[in-house]
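First up is the structure itself, then whatever we jot down about it.
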Amino acid sequence: MKFSRKTVLGAVIAAGTLLTTSACGGGDDSAKSASAGSVVVPDPGGDLGKAMKTAFFDPFEKQTGIDVVLSPGEFDAAVVLAGVKAGAPAFDLVNPNGAVLKRFRDASAIEPIDYTQWKDGVRDKISPVKAADDAVPAYYISVQPSWSTAKLGDKKLNSWADFWNVGDFPGKRTLAPGSWGAGGATFEIAAMADGVAPKDLYPIDFDRAFKSLDRLKPDLVKFWETGAEPIQLLTGGQATAASAWNGRVAGAKDKGAPVDGTWNQSILQYDNWAILKGAKNAKNAQKLLAFMMEAGPQAEFAKAIPYSPANSAAFDQLPADRAALLPTSPKNVESAVTQDYEWWTATAPGSDKTNEEVAIERWQAWASK
């Protein structure tokens, strides 16, 4: 993904300078577009941006005549919130990740979703995370235990405990840095590697997680810094096993790279759609959101990129071989863990800091040793 997950309390969406619209071209199409208005949405760029345009934005424009104005670039949540506070939000519909969403809620910066515009039954199909009054999951990705098939041959990892087991699965490891907080799921990974059951994962026992990381530290080649790096380390031979986002693993395998991953104990992460308070084109944003969450567009999105649709009914329209690549397909989701963003953004016991802030502080001290 082009937008960064390095700081789930900071960088939130790929966005940028607000573009203004003007009527162009001629004939009836131009008049229809001008009368229907527009809706301004951040453009994440890359494969994600292409998938959204193909599955959501282009069909919506064709069906409604409403222009979807994509604003490229990158800035952090503080800028977005400042615009809302000033009464001049730069966007109508935004795409914050699960942890950053709390900042928008705490600032009263998002509008209620008008579910009367949704087709009957659609809201009930939003799963595994339910649609809220003010936000709805956009799509799911997962952090998987992944490995080099060139290094391990027929051996397959089946858990994070296997990932830690350098005796049976020899070679160097790579994880996301804990300085990302929830972003790389490193703390969940370390806890499960130490035997914590997925159902008992939260609240995360940081003492136990860091002791687990202590055991792996001699076998860590490095902490990866971009989504592409785990695959590069696996295919380049520097690492035998890596935590990696499922889309990266699937994309590499599709190109013939000697990598694989398991869905067991994969960690689901998700972004949301939300409408900014005071959005100039709020009505059109509500219409776009209702359209995007229908099963048809959701299925097209999942065909364009290996991210899971938020509408579970989309799986009825996907071929079995495509569903097998997606984190929340009925088979794959059974053994997955959904990241608990409410816990990550809650105040830590005995502290005025969030659990994420505490984790990052402890990580920095641990990593400096």
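Order determines the names: the first chain of the structure tokens is A, the second B, and so forth; residues in each chain are numbered 1 upward, and ligands are numbered 1 upward as they are shown.
Once region 167-174 of chain A and its same-chain neighbours fewer than 6 positions away are set aside, Asp219, Leu220, Val221, Lys222, Phe223, Ala239, Thr240, Ala241 and Ala242 of chain A remain within 6 Å of it when counting only C-alpha atoms.
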Sorted per-residue table, region 172-209 of chain A near region 337-347 of chain A, closest atoms and distance, 8 Å, only C-alpha atoms, as JSON lines:
{"residue": "A:Ala182", "atom": "CA", "partner": "A:Trp344", "partner_atom": "CA", "distance": 6.9}
{"residue": "A:Ala185", "atom": "CA", "partner": "A:Gln339", "partner_atom": "CA", "distance": 7.9}
{"residue": "A:Pro198", "atom": "CA", "partner": "A:Val337", "partner_atom": "CA", "distance": 6.3}
{"residue": "A:Tyr202", "atom": "CA", "partner": "A:Trp343", "partner_atom": "CA", "distance": 7.4}
{"residue": "A:Pro203", "atom": "CA", "partner": "A:Trp343", "partner_atom": "CA", "distance": 7.1}
Output for the residues just chosen: C-alpha atoms as an mmCIF file, in the first residue's frame:
data_model
loop_
_atom_site.group_PDB
_atom_site.id
_atom_site.type_symbol
_atom_site.label_atom_id
_atom_site.label_comp_id
_atom_site.auth_asym_id
_atom_site.auth_seq_id
_atom_site.Cartn_x
_atom_site.Cartn_y
_atom_site.Cartn_z
ATOM 1 C CA ALA A 182 -0.183 -1.781 16.221
ATOM 2 C CA ALA A 185 1.277 -6.532 14.619
ATOM 3 C CA PRO A 198 -5.645 -16.024 20.050
ATOM 4 C CA TYR A 202 -5.938 -8.905 24.568
ATOM 5 C CA PRO A 203 -4.920 -7.265 26.758
#
**Item:** Close residues, Ala324 (chain A) itself excluded, 12 Å, only C-alpha atoms, min 6 positions apart in chain, as a ChimeraX atom specification
**Value:** /A:246,250,262-263,302-303,306-308,315,318,330-333
Pull all heavy atoms from the residues just selected and write them as a short mmCIF file (atom, residue, chain, number, x, y, z; two decimals), in the first residue's frame.
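Saved file part.cif follows:
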data_model
loop_
_atom_site.label_atom_id
_atom_site.label_comp_id
_atom_site.auth_asym_id
_atom_site.auth_seq_id
_atom_site.Cartn_x
_atom_site.Cartn_y
_atom_site.Cartn_z
N ASN A 246 -0.50 -10.12 3.41
CA ASN A 246 -0.94 -11.19 2.49
C ASN A 246 -0.89 -10.77 1.03
O ASN A 246 -0.58 -11.59 0.15
CB ASN A 246 -2.35 -11.64 2.84
CG ASN A 246 -3.42 -10.61 2.50
OD1 ASN A 246 -3.58 -9.61 3.20
ND2 ASN A 246 -4.17 -10.84 1.43
N ALA A 250 0.91 -12.92 -1.89
CA ALA A 250 0.15 -13.41 -3.04
C ALA A 250 0.71 -12.85 -4.34
O ALA A 250 0.83 -13.57 -5.35
CB ALA A 250 -1.32 -13.02 -2.90
N THR A 262 0.93 -18.79 5.55
CA THR A 262 -0.19 -19.54 6.12
C THR A 262 -1.21 -18.57 6.70
O THR A 262 -0.85 -17.48 7.19
CB THR A 262 0.29 -20.50 7.23
OG1 THR A 262 -0.85 -21.17 7.78
CG2 THR A 262 1.00 -19.75 8.37
N TRP A 263 -2.48 -18.96 6.63
CA TRP A 263 -3.54 -18.15 7.20
C TRP A 263 -3.70 -18.41 8.69
O TRP A 263 -4.34 -17.62 9.38
CB TRP A 263 -4.87 -18.43 6.48
CG TRP A 263 -4.85 -18.03 5.04
CD1 TRP A 263 -4.81 -18.87 3.96
CD2 TRP A 263 -4.85 -16.70 4.52
NE1 TRP A 263 -4.78 -18.14 2.80
CE2 TRP A 263 -4.81 -16.80 3.11
CE3 TRP A 263 -4.88 -15.44 5.10
CZ2 TRP A 263 -4.80 -15.70 2.28
CZ3 TRP A 263 -4.87 -14.33 4.27
CH2 TRP A 263 -4.83 -14.46 2.87
N ALA A 302 -12.31 -7.04 -4.81
CA ALA A 302 -11.51 -8.19 -4.39
C ALA A 302 -10.91 -8.94 -5.58
O ALA A 302 -9.91 -9.64 -5.43
CB ALA A 302 -12.37 -9.15 -3.56
N LYS A 303 -11.49 -8.78 -6.76
CA LYS A 303 -10.90 -9.36 -7.97
C LYS A 303 -9.69 -8.54 -8.44
O LYS A 303 -8.77 -9.08 -9.07
CB LYS A 303 -11.93 -9.41 -9.09
CG LYS A 303 -13.05 -10.41 -8.88
CD LYS A 303 -14.09 -10.30 -10.00
CE LYS A 303 -15.28 -11.22 -9.76
NZ LYS A 303 -16.32 -11.05 -10.82
N PRO A 306 -5.78 -8.41 -3.85
CA PRO A 306 -6.06 -9.46 -2.86
C PRO A 306 -6.33 -8.94 -1.46
O PRO A 306 -5.71 -9.33 -0.48
CB PRO A 306 -4.81 -10.33 -2.92
CG PRO A 306 -3.73 -9.42 -3.35
CD PRO A 306 -4.38 -8.43 -4.28
N TYR A 307 -7.27 -8.00 -1.36
CA TYR A 307 -7.77 -7.50 -0.09
C TYR A 307 -9.19 -8.03 0.07
O TYR A 307 -9.95 -8.07 -0.89
CB TYR A 307 -7.80 -5.98 -0.04
CG TYR A 307 -6.46 -5.28 -0.05
CD1 TYR A 307 -5.26 -5.98 -0.12
CD2 TYR A 307 -6.40 -3.90 0.00
CE1 TYR A 307 -4.04 -5.33 -0.13
CE2 TYR A 307 -5.18 -3.23 -0.01
CZ TYR A 307 -4.01 -3.95 -0.09
OH TYR A 307 -2.80 -3.30 -0.11
N SER A 308 -9.56 -8.37 1.28
CA SER A 308 -10.90 -8.92 1.49
C SER A 308 -11.96 -7.84 1.44
O SER A 308 -11.77 -6.73 1.97
CB SER A 308 -10.98 -9.64 2.83
OG SER A 308 -10.62 -10.99 2.72
N PHE A 315 -18.41 -12.68 -1.39
CA PHE A 315 -17.79 -13.98 -1.63
C PHE A 315 -18.68 -14.89 -2.49
O PHE A 315 -18.18 -15.79 -3.16
CB PHE A 315 -17.44 -14.66 -0.31
CG PHE A 315 -16.21 -14.11 0.32
CD1 PHE A 315 -16.29 -13.22 1.38
CD2 PHE A 315 -14.95 -14.45 -0.16
CE1 PHE A 315 -15.14 -12.68 1.96
CE2 PHE A 315 -13.80 -13.93 0.42
CZ PHE A 315 -13.90 -13.04 1.48
N LEU A 318 -17.46 -14.47 -6.04
CA LEU A 318 -16.05 -14.67 -6.32
C LEU A 318 -15.75 -16.13 -6.62
O LEU A 318 -16.27 -17.02 -5.94
CB LEU A 318 -15.20 -14.21 -5.13
CG LEU A 318 -15.18 -12.71 -4.84
CD1 LEU A 318 -14.46 -12.43 -3.52
CD2 LEU A 318 -14.49 -11.96 -5.98
N PRO A 330 -14.49 -17.54 4.08
CA PRO A 330 -14.99 -18.39 5.17
C PRO A 330 -13.95 -19.37 5.72
O PRO A 330 -13.89 -19.59 6.93
CB PRO A 330 -16.16 -19.11 4.52
CG PRO A 330 -16.67 -18.14 3.49
CD PRO A 330 -15.43 -17.47 2.95
N LYS A 331 -13.11 -19.92 4.86
CA LYS A 331 -12.11 -20.88 5.32
C LYS A 331 -10.96 -20.18 6.02
O LYS A 331 -10.51 -20.60 7.10
CB LYS A 331 -11.59 -21.70 4.14
CG LYS A 331 -10.56 -22.74 4.53
CD LYS A 331 -10.10 -23.55 3.33
CE LYS A 331 -9.05 -24.59 3.73
NZ LYS A 331 -8.58 -25.38 2.56
N ASN A 332 -10.46 -19.09 5.44
CA ASN A 332 -9.27 -18.45 5.98
C ASN A 332 -9.51 -17.70 7.28
O ASN A 332 -8.64 -17.63 8.14
CB ASN A 332 -8.69 -17.48 4.95
CG ASN A 332 -8.19 -18.18 3.70
OD1 ASN A 332 -7.89 -19.37 3.73
ND2 ASN A 332 -8.09 -17.44 2.60
N VAL A 333 -10.70 -17.14 7.44
CA VAL A 333 -10.96 -16.31 8.61
C VAL A 333 -11.11 -17.14 9.89
O VAL A 333 -10.96 -16.62 11.00
CB VAL A 333 -12.22 -15.45 8.38
CG1 VAL A 333 -13.50 -16.28 8.53
CG2 VAL A 333 -12.24 -14.24 9.31
#
**Request:** Check the DSSP output for the backbone and give back, as a VMD selection string, the residues of region 33-238 of chain A in helix (DSSP H, G or I).
**Result:** chain A and resid 33 to 36 46 to 64 77 to 85 101 to 106 115 to 117 123 to 125 149 to 152 160 to 164 178 to 180 186 to 193 198 to 200 206 to 219 229 to 236
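Using only C-alpha atoms for every distance, the candidate list A:Ile189, A:Ala78, A:Ala323, A:Leu213 yields A:Leu213 as the residue closest to Trp366 (chain A).
Neighbouring residues of Ala138 (chain A) at 6 Å or closer, counting only C-alpha atoms and skipping chain neighbours under 4 positions away, are Asp271, Asn272, Trp273 and Ala310 of chain A.
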**Asn158 (chain A) environment, 10 Å, only C-alpha atoms, sequence neighbours closer than 4 positions dropped, as a list in words** = Pro145, Ser146, Asp162, Phe163, Gly261, Thr262, Trp263, Asn264, Gln265 and Ser266 of chain A
Return as a Markdown table the residues of region 137-247 of chain A lying at most 10 Å from region 109-131 of chain A, together with the closest atom-to-atom pair for each and the distance in Å to one decimal, counting only C-alpha atoms, with rows in chain order and ascending residue number.
| residue | atom | partner | partner_atom | distance |
| --- | --- | --- | --- | --- |
| A:Pro137 | CA | A:Ala131 | CA | 6.5 |
| A:Ala138 | CA | A:Ile126 | CA | 9.5 |
| A:Tyr139 | CA | A:Ser127 | CA | 9.9 |
| A:Tyr140 | CA | A:Pro128 | CA | 9.5 |
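Ranking A:Ala99, A:Ala320, A:Ala88, A:Ala244 by their shortest atom-to-atom distance to Thr354 (chain A), with only C-alpha atoms included, puts A:Ala99 first.
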